[in-house]
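Visitor: Can you keep this structure in mind? I'll have questions shortly.
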Amino acid sequence: MGGLSAILHAGGALALAFIMLTIGYDALMRHFFAQATSWSMEVNAFLLVYLALVPAAETLRRGEQIGIGILAENAGPGVQRMLRIIVGLVGVIFCAALTWRGAIMSFDAFSYGERVSSSFGTPMWIPYALIPLGFSVLGMQFILIMLGGSGREKSPRLDGGAF
Amino acid sequence: MIEPLIVLVVLLGLIGLGAPIFLALGAAGMLGLYMARGLMALFFGPTSLFAQLNSFELLALPLFVLMGNFLSATPVGENLYRAAALWFSRVRGGLAVATVGASTMFGAVSGVSIAGVAAIGSIAVPQMLARGYSQRLAAGSVVSSGALAMLIPPSVPLIIYGAVSGVSVSDLFIGGILPGLLLAFVLASYIWIRATLNPSEAPLEHAGPPDWGARLRSLGRLWHAALLVGVVLGVIYTGVATPSEAGAFGALGAMALAGLVFRSLTWARLWEILASSARISGAILLIMGCARIFGDYLNLIRLPDAVSQGLTQTGLPPFAILMLVMVALLVLGMLVDAVSLIVVTTPILLPLIVTLGYDPLWFGIILVMNLEMAVITPPVGLNLYTLKAVAPVLPIETIIRSVLPFVILQFAVLTLFVLVPGMALWLPGLAP
Amino acid sequence: NVMLTAVSYLPPSYADLAYGSQGFVDRVNEAEGNAVTIDYHDSARLVSADEQLPALRSGTVDLMFHTTSYITRSLPILGVLGLPGVVGSLYENPDRLRRDGPLFALIESELQKQGLTCLTLGGGIMEPEYIWSVESAPITSLDDIQGKKIRLVSFEASAALEHFGAAPVRVPSSELYIALERGTVDAAVANISTINGRSVQEQVKYAYRLPVTAFAIGAFMTTRRWDALPDDARETLIQAAEWFDEDSARAANQDWFRDKYWPEFKEGGLEVTDPTEAELAEFDAINADVRQVWLDEVGPEVGRQAIDLALGGGA
Ligand code: NA
Ligand code: NA
């Protein structure tokens, strides 16, 4: 789990570098050589979905997903544990729902051969697959939080909320 | 109408219990969709999230986050604020005033507000805190002035309003200039008055007579920042890049400054900056995606329509209706993101506004002035969460509390423009 | 009484293109007998343009109004409505796309293979997408296309103009206005409705009416959902579809585009150039390869038949 999460996290960093380089390249080629890429706009917009979902579990593990932790911060250990279980449970259910419906969406797009109606024509099942991928790993992270065995070993709260 | 109330309670309850904001918004939205239409409606979860994030215009966000993080590996921010501290040495709150100025300039580059908050906030907040500014003053000045990018052209919300209303985009752009600058002036004045009345919030660093030698020397260290601003502005105004793409040049330029000029970029540092920028951008994007799930639930049950429709049937005098519209937009703005607010309310409210004898151009400006508040009011206030992500040292509770006086001011300025519609129409009227 | 959730990404302010879908919904909801009610969500509030087809397939949405250019690569048969060399003739003869004609029947039977039922395609394609260029980079002939940065989206438009040396550029429609203003692009291929909707006429000086590509707006359901409807509900929908077929494209093309936008734009200083017969012939001939790519995708037999019907040949 930690390994998978770390790989996805590294993927986020690479995606961001890719976005910066390709958008700069595309704009310069367009302006100075009248040669724009057919894919930069399309692929980079999909990479935003990637950035939101793929590093999300690692961000959660580090306690960097934004939340308001004032209650958890001032509560005793028993209440803190209860809050962790409630929020973790909601998180697992939410992620399961999105993984399930997202997987169907990606599978349908694959079986019906759906593509972007552009010159590049990305097959839609690929970006749609980011949804089940991201939310399944995120859901596992919520399970670890519920069990109390994840990240945040030292302090109950960084600056960013209870988790 | 018990179901929407349950959803709202779940949303606020989850936020109160310390759930991540994205989860509170997403889970409340999914619960609402389920109650409204059953299991089938859960499919709106992935489609809403995907539709919100699959947007080229949003690329400005990660790119400006990245630019800010590269700059944090350089003394550029430090140099900027040292110069500001020297030049504004006798102005109470001078650094926060300078921050409002920086956001106003950034607004002329960017068409969305979170990019400005990301770029300015990551530099300005640490600098202001290091010089003894209160957390609330630092946070409030960044989140409220960051929103000016939506009024000062270019502006994505004004383009969207133009598409929905049929009003000329260039007229809207011209119309946004005066309220944008006036709001900037009012925010800056407020900061100055507040810092004067309560000096502990904004200590003066260099008491005594101005040190002109130091002042001039500090300017010599600003060329890096000037160059970077020149590159970002330059690529847009020469047409090399669109406003969404300009962030790539900002990030590349900041990386070049860190790596080539200041030699502070090892491979390990580069990697850490990329990885942390990806996490920060991802956290904000995930909130945006889940806010859309929540927003689409409200759309499915037609809550914004019902509110707007209700307003058209009050039978009150025109001014009272207008003020009710403003209050309703303020409240809706707490729950709905900026784009939804325009797209959903305009078709219903605009005919009412025109019937009352007002100009659609004027209403566009007024609507975007409402958005200035919408993006800084919880629970759906993206500027708040963006600042939290790029300046993690600030507790989110402090950021949220910091905006109250700024929202009051913005509402006051808005009321002025409602009372005197000529103010918003004056500049566009001068254009040929 | 059956309730159908229907979506359109177009906002009502695009009165030209949204006229048909709103009229369809009103007709169904006001029909006698009350066999079916439509819960209509426009403006992409519930489902964005790109996710309408997946939402329809999943069953969360029962009926979608869609612009065919958004879905031609998922439903290749619809590509015939945007082929260079075909759209000019198809636009001049809207009757060829009527729902009681052979071209519609062919498209419908191909869509059935993908599980979809098309109720109508608006009774014709919308006015084709022409080339709109700025003052500093005029395009008023095929030769002018050489070296110009032209904003376009579809494969067909991209391939068609690359024959003449264009540099195809992708820019999001929300940034088209700024991109033309700043010279990021020299021109755009667009339907006049997009020009009007994004106030692009403020930035362009020339319209070169080369029929590069086009789209129709249709109403679609899944066949599964359609077949499950009671007869009286289907009857109500068909009546609305017949009205849509009569009026949707006709109203947009004539009442808005021809009678309103073109006179207004010309009044505002837009210079309009129509291609010569020779230019049209050259454009049609050189794009045989674009049509071939489409034929390979959709299957040569069906494809040729569709092109023949679109060009007015017998079935
Ligand atoms: Na702006
Ligand atoms: Na808000």
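By order of appearance in the structure tokens: chains A, B, ..., then residues from 1 within every chain, and ligands from 1 in the order shown.
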At a cut-off of 10 Å, using only C-alpha atoms, what residues contact range 82-96 of chain A? Leave out same-chain residues fewer than 4 positions from it and give the result as a VMD selection string.

Guide: (chain A and resid 71 to 72 75 77 to 78 100 to 102 131 to 132 134 to 148 162 to 163) or (chain B and resid 14 to 15 17 to 20 22 to 24 26 to 28 30 to 31 45)

Visitor: Selected residues, C-alpha atoms, written as a PDB file, in the first residue's frame, please.

Guide:
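Result file selection00.pdb:
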ATOM      1  CA  LEU A  71     -12.789  19.734  17.202  1.00  0.00           C
ATOM      2  CA  ALA A  72     -10.409  16.809  16.843  1.00  0.00           C
ATOM      3  CA  ALA A  75     -10.792  16.423  21.998  1.00  0.00           C
ATOM      4  CA  PRO A  77      -7.992  10.473  22.687  1.00  0.00           C
ATOM      5  CA  GLY A  78     -11.272   8.537  22.903  1.00  0.00           C
ATOM      6  CA  TRP A 100     -17.648   1.581  -8.630  1.00  0.00           C
ATOM      7  CA  ARG A 101     -19.416   4.130 -10.840  1.00  0.00           C
ATOM      8  CA  GLY A 102     -16.096   5.380 -12.265  1.00  0.00           C
ATOM      9  CA  ILE A 131     -11.324   7.873 -11.292  1.00  0.00           C
ATOM     10  CA  PRO A 132     -11.423   4.237 -10.088  1.00  0.00           C
ATOM     11  CA  GLY A 134      -7.430   7.326  -7.652  1.00  0.00           C
ATOM     12  CA  PHE A 135     -10.456   6.602  -5.488  1.00  0.00           C
ATOM     13  CA  SER A 136      -9.618   2.950  -4.827  1.00  0.00           C
ATOM     14  CA  VAL A 137      -6.205   3.883  -3.406  1.00  0.00           C
ATOM     15  CA  LEU A 138      -7.720   6.825  -1.545  1.00  0.00           C
ATOM     16  CA  GLY A 139     -10.358   4.501  -0.089  1.00  0.00           C
ATOM     17  CA  MET A 140      -7.660   2.135   1.185  1.00  0.00           C
ATOM     18  CA  GLN A 141      -5.975   5.083   2.835  1.00  0.00           C
ATOM     19  CA  PHE A 142      -9.250   5.883   4.633  1.00  0.00           C
ATOM     20  CA  ILE A 143      -9.357   2.267   5.847  1.00  0.00           C
ATOM     21  CA  LEU A 144      -5.859   2.666   7.266  1.00  0.00           C
ATOM     22  CA  ILE A 145      -6.936   5.885   8.976  1.00  0.00           C
ATOM     23  CA  MET A 146      -9.962   4.147  10.452  1.00  0.00           C
ATOM     24  CA  LEU A 147      -7.768   1.390  11.813  1.00  0.00           C
ATOM     25  CA  GLY A 148      -5.543   4.107  13.242  1.00  0.00           C
ATOM     26  CA  ALA A 162      -7.733  16.214  11.607  1.00  0.00           C
ATOM     27  CA  PHE A 163      -6.206  13.996   8.963  1.00  0.00           C
TER      28      PHE A 163
ATOM     29  CA  LEU B  14     -18.638  16.440   8.360  1.00  0.00           C
ATOM     30  CA  ILE B  15     -16.661  19.671   8.083  1.00  0.00           C
ATOM     31  CA  LEU B  17     -15.985  16.679  12.636  1.00  0.00           C
ATOM     32  CA  GLY B  18     -12.743  17.394  10.820  1.00  0.00           C
ATOM     33  CA  ALA B  19     -13.366  15.502   7.588  1.00  0.00           C
ATOM     34  CA  PRO B  20     -11.345  16.756   4.635  1.00  0.00           C
ATOM     35  CA  PHE B  22     -13.418  17.401  -0.387  1.00  0.00           C
ATOM     36  CA  LEU B  23     -14.963  14.475   1.439  1.00  0.00           C
ATOM     37  CA  ALA B  24     -17.582  16.624   3.172  1.00  0.00           C
ATOM     38  CA  GLY B  26     -18.484  14.963  -2.126  1.00  0.00           C
ATOM     39  CA  ALA B  27     -20.231  12.755   0.433  1.00  0.00           C
ATOM     40  CA  ALA B  28     -22.984  15.302   1.098  1.00  0.00           C
ATOM     41  CA  MET B  30     -23.625  11.953  -3.263  1.00  0.00           C
ATOM     42  CA  LEU B  31     -26.052  11.478  -0.377  1.00  0.00           C
ATOM     43  CA  GLY B  45     -20.409  11.617  -8.999  1.00  0.00           C
TER      44      GLY B  45
END

Visitor: If we count only C-alpha atoms and set the cut-off at 9 Å, which residues sit around Phe244 in chain C, ignoring sequence neighbours fewer than 6 positions away in its own chain? Please answer as a VMD selection string.

Guide: chain C and resid 20 to 21 23 to 24 120 to 123 218

Visitor: Based on DSSP run over this structure's backbone, return all residues of range 116-227 of chain B in alpha helix (DSSP H), as number ranges by chain.

Guide: B: 116-130, 135-146, 156-165, 169-197, 212-220, 223-227

Visitor: Give me, as a Markdown table, each residue of chain B that comes within 7 Å of chain C, together with its shortest interatomic pair and the distance in Å at one decimal, counting only C-alpha atoms, with rows ordered by chain and rising residue number.

Guide:
| residue | atom | partner | partner_atom | distance |
| --- | --- | --- | --- | --- |
| B:Met40 | CA | C:Thr60 | CA | 5.9 |
| B:Ala41 | CA | C:Thr60 | CA | 5.8 |
| B:Phe43 | CA | C:Thr60 | CA | 6.7 |
| B:Thr47 | CA | C:Glu51 | CA | 6.2 |
| B:Ser48 | CA | C:Val47 | CA | 6.7 |
| B:Ala51 | CA | C:Ser48 | CA | 6.0 |
| B:Phe56 | CA | C:Pro172 | CA | 6.8 |
| B:Ile159 | CA | C:Ser174 | CA | 6.6 |
| B:Gly162 | CA | C:Arg198 | CA | 6.9 |
| B:Ala163 | CA | C:Gly197 | CA | 5.1 |
| B:Val164 | CA | C:Ser13 | CA | 5.3 |
| B:Ser165 | CA | C:Ser13 | CA | 6.1 |
| B:Gly166 | CA | C:Gly197 | CA | 6.4 |
| B:Ser168 | CA | C:Ser199 | CA | 5.8 |
| B:Val169 | CA | C:Ser199 | CA | 6.3 |
| B:Tyr237 | CA | C:Arg182 | CA | 6.2 |
| B:Thr238 | CA | C:Arg182 | CA | 6.2 |
| B:Gly239 | CA | C:Thr184 | CA | 4.3 |
| B:Val240 | CA | C:Thr184 | CA | 5.8 |
| B:Ala241 | CA | C:Thr184 | CA | 6.5 |
| B:Thr242 | CA | C:Ala179 | CA | 6.2 |
| B:Asp296 | CA | C:Leu46 | CA | 5.5 |
| B:Asn299 | CA | C:Arg45 | CA | 6.5 |
| B:Leu300 | CA | C:Leu46 | CA | 6.6 |
| B:Val343 | CA | C:Ser43 | CA | 6.9 |

Visitor: Go ahead and write the residues just picked, C-alpha atoms, as a compact mmCIF listing (two decimals), in the first residue's frame.

Guide:
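This went into again_1.txt:
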# COMPACT_ATOMS: atom_id res chain seq x y z
CA MET B 40 -28.59 5.38 -10.47
CA ALA B 41 -27.85 9.02 -9.65
CA PHE B 43 -23.20 8.10 -11.65
CA THR B 47 -19.23 12.65 -14.41
CA SER B 48 -19.48 15.87 -12.37
CA ALA B 51 -16.27 17.52 -16.08
CA PHE B 56 -7.75 23.65 -19.85
CA ILE B 159 -16.37 35.83 -20.59
CA GLY B 162 -20.90 37.35 -21.88
CA ALA B 163 -21.69 33.95 -23.37
CA VAL B 164 -24.76 33.48 -21.18
CA SER B 165 -26.16 37.02 -21.49
CA GLY B 166 -25.07 38.10 -24.95
CA SER B 168 -20.15 42.23 -25.41
CA VAL B 169 -17.09 40.79 -23.72
CA TYR B 237 0.22 40.67 -24.32
CA THR B 238 2.32 39.60 -27.30
CA GLY B 239 0.01 36.65 -27.92
CA VAL B 240 2.65 33.95 -27.36
CA ALA B 241 0.41 32.32 -24.79
CA THR B 242 -3.19 32.50 -23.56
CA ASP B 296 -24.80 19.36 -9.32
CA ASN B 299 -28.77 21.83 -9.68
CA LEU B 300 -30.66 18.54 -9.88
CA VAL B 343 -24.64 29.98 -15.45

Visitor: Please report, as a PyMOL selection string, each residue of range 40-286 of chain C to which DSSP assigns strand (DSSP E or B) when run on this structure's backbone.

Guide: chain C and resi 40-41+63-67+116-120+129-133+149-151+167-169+187-190+206-213+217-222+271-273

Visitor: Pull out every residue of chain C that has at least one atom within 10 Å of chain A, counting only C-alpha atoms, and report them as a VMD selection string.

Guide: chain C and resid 50 to 51 53 to 55 57 to 58 68 to 76 79 114 to 115 147 to 150 152 to 159 166 to 172 183 to 185

Visitor: Quick check: residues of chain B within 8 Å of chain A, only C-alpha atoms, returned as a PyMOL selection string.

Guide: chain B and resi 14-23+26-27+30+42-43+45-46+50+53-56+58-59+62-63+239-241+245+248-249+251-252+271+274-286+385+388-389+392-397

Visitor: Using only C-alpha atoms and all ligand atoms, which protein or nucleic acid residues are at most 10 Å from ligand 1, as a ChimeraX atom specification?

Guide: /B:103-113,116,146-158,173,176-177,180,243

Visitor: List the spatial neighbours of range 411-425 of chain B as a PyMOL selection string - criterion: any atom at most 10 Å away, only C-alpha atoms, same-chain residues fewer than 5 positions off excluded.

Guide: chain B and resi 171-172+174-179+182-183+186+319+322-323+326-327+330+358-359+361-370+372-373+405-406+430

Visitor: Put those residues in a file: C-alpha atoms, as an mmCIF file, in the first residue's frame.

Guide:
data_model
loop_
_atom_site.group_PDB
_atom_site.id
_atom_site.type_symbol
_atom_site.label_atom_id
_atom_site.label_comp_id
_atom_site.auth_asym_id
_atom_site.auth_seq_id
_atom_site.Cartn_x
_atom_site.Cartn_y
_atom_site.Cartn_z
ATOM 1 C CA ASP B 171 -17.567 46.113 -22.841
ATOM 2 C CA LEU B 172 -17.629 43.803 -19.821
ATOM 3 C CA ILE B 174 -13.805 47.676 -19.685
ATOM 4 C CA GLY B 175 -16.639 47.719 -17.152
ATOM 5 C CA GLY B 176 -14.634 45.556 -14.749
ATOM 6 C CA ILE B 177 -11.694 47.955 -14.526
ATOM 7 C CA LEU B 178 -13.219 50.669 -12.342
ATOM 8 C CA PRO B 179 -14.853 48.409 -9.730
ATOM 9 C CA LEU B 182 -11.895 50.753 -6.549
ATOM 10 C CA LEU B 183 -12.130 47.499 -4.601
ATOM 11 C CA VAL B 186 -10.858 50.146 -0.551
ATOM 12 C CA PHE B 319 -34.441 48.696 -5.003
ATOM 13 C CA LEU B 322 -32.187 44.331 -6.023
ATOM 14 C CA MET B 323 -30.881 44.195 -2.457
ATOM 15 C CA MET B 326 -27.629 40.657 -3.739
ATOM 16 C CA VAL B 327 -28.229 38.927 -0.398
ATOM 17 C CA LEU B 330 -24.201 36.170 -1.307
ATOM 18 C CA TYR B 358 -31.238 48.053 -15.486
ATOM 19 C CA ASP B 359 -28.507 47.412 -18.049
ATOM 20 C CA LEU B 361 -23.777 45.049 -18.741
ATOM 21 C CA TRP B 362 -24.211 46.546 -15.293
ATOM 22 C CA PHE B 363 -25.643 43.298 -13.953
ATOM 23 C CA GLY B 364 -22.634 41.355 -15.258
ATOM 24 C CA ILE B 365 -20.288 43.575 -13.293
ATOM 25 C CA ILE B 366 -22.496 43.337 -10.204
ATOM 26 C CA LEU B 367 -22.649 39.557 -10.543
ATOM 27 C CA VAL B 368 -18.871 39.238 -10.679
ATOM 28 C CA MET B 369 -18.582 41.570 -7.679
ATOM 29 C CA ASN B 370 -20.772 39.021 -5.908
ATOM 30 C CA GLU B 372 -15.580 38.250 -5.247
ATOM 31 C CA MET B 373 -17.375 37.337 -2.045
ATOM 32 C CA PRO B 405 -14.241 42.371 7.538
ATOM 33 C CA PHE B 406 -13.223 42.055 3.893
ATOM 34 C CA LEU B 430 -16.542 56.291 -22.979
#

Visitor: Please list as a ChimeraX atom specification every residue within 9 Å of Glu297 in chain C, counting only C-alpha atoms and excluding residues in the same chain fewer than 4 positions away.

Guide: /C:76-77,292-293,303

Visitor: For the residues selected in the previous step, produce a file with all heavy atoms as a short mmCIF file (atom, residue, chain, number, x, y, z; two decimals), in the first residue's frame.

Guide:
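For reference, again_36.cif as written:
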data_model
loop_
_atom_site.label_atom_id
_atom_site.label_comp_id
_atom_site.auth_asym_id
_atom_site.auth_seq_id
_atom_site.Cartn_x
_atom_site.Cartn_y
_atom_site.Cartn_z
N PRO C 76 -19.26 7.08 -35.33
CA PRO C 76 -18.65 7.53 -36.59
C PRO C 76 -19.65 7.88 -37.70
O PRO C 76 -19.37 8.77 -38.50
CB PRO C 76 -17.78 6.34 -37.01
CG PRO C 76 -17.54 5.57 -35.76
CD PRO C 76 -18.73 5.78 -34.89
N ILE C 77 -20.82 7.24 -37.74
CA ILE C 77 -21.73 7.51 -38.85
C ILE C 77 -22.12 8.99 -38.89
O ILE C 77 -22.37 9.57 -39.95
CB ILE C 77 -22.98 6.60 -38.78
CG1 ILE C 77 -23.87 6.78 -40.02
CG2 ILE C 77 -23.82 6.89 -37.54
CD1 ILE C 77 -23.22 6.35 -41.31
N GLN C 292 -11.87 9.66 -47.28
CA GLN C 292 -11.42 8.27 -47.28
C GLN C 292 -11.13 7.79 -45.85
O GLN C 292 -11.49 6.67 -45.49
CB GLN C 292 -10.15 8.12 -48.15
CG GLN C 292 -9.74 6.68 -48.37
CD GLN C 292 -10.85 5.86 -49.03
OE1 GLN C 292 -11.43 6.26 -50.03
NE2 GLN C 292 -11.17 4.71 -48.43
N VAL C 293 -10.51 8.65 -45.05
CA VAL C 293 -10.25 8.29 -43.65
C VAL C 293 -11.55 7.94 -42.96
O VAL C 293 -11.67 6.94 -42.23
CB VAL C 293 -9.54 9.44 -42.90
CG1 VAL C 293 -9.48 9.16 -41.40
CG2 VAL C 293 -8.13 9.65 -43.45
N GLY C 303 -20.50 3.93 -45.73
CA GLY C 303 -19.98 5.28 -45.87
C GLY C 303 -20.29 5.88 -47.23
O GLY C 303 -20.77 7.01 -47.34
#

Visitor: Residues at most 9 Å from ligand 2, using only C-alpha atoms and all ligand atoms? Could they come as a list in words?

Guide: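 Residues lying within 9 Å of ligand 2: Leu330, Val331, Leu332, Gly333, Met334, Leu335, Val336, Asp337, Ala338, Leu371, Met373, Ala374, Val375, Ile376, Thr377, Pro378, Pro379, Val380, Gly381, Leu382 and Asn383 of chain B.
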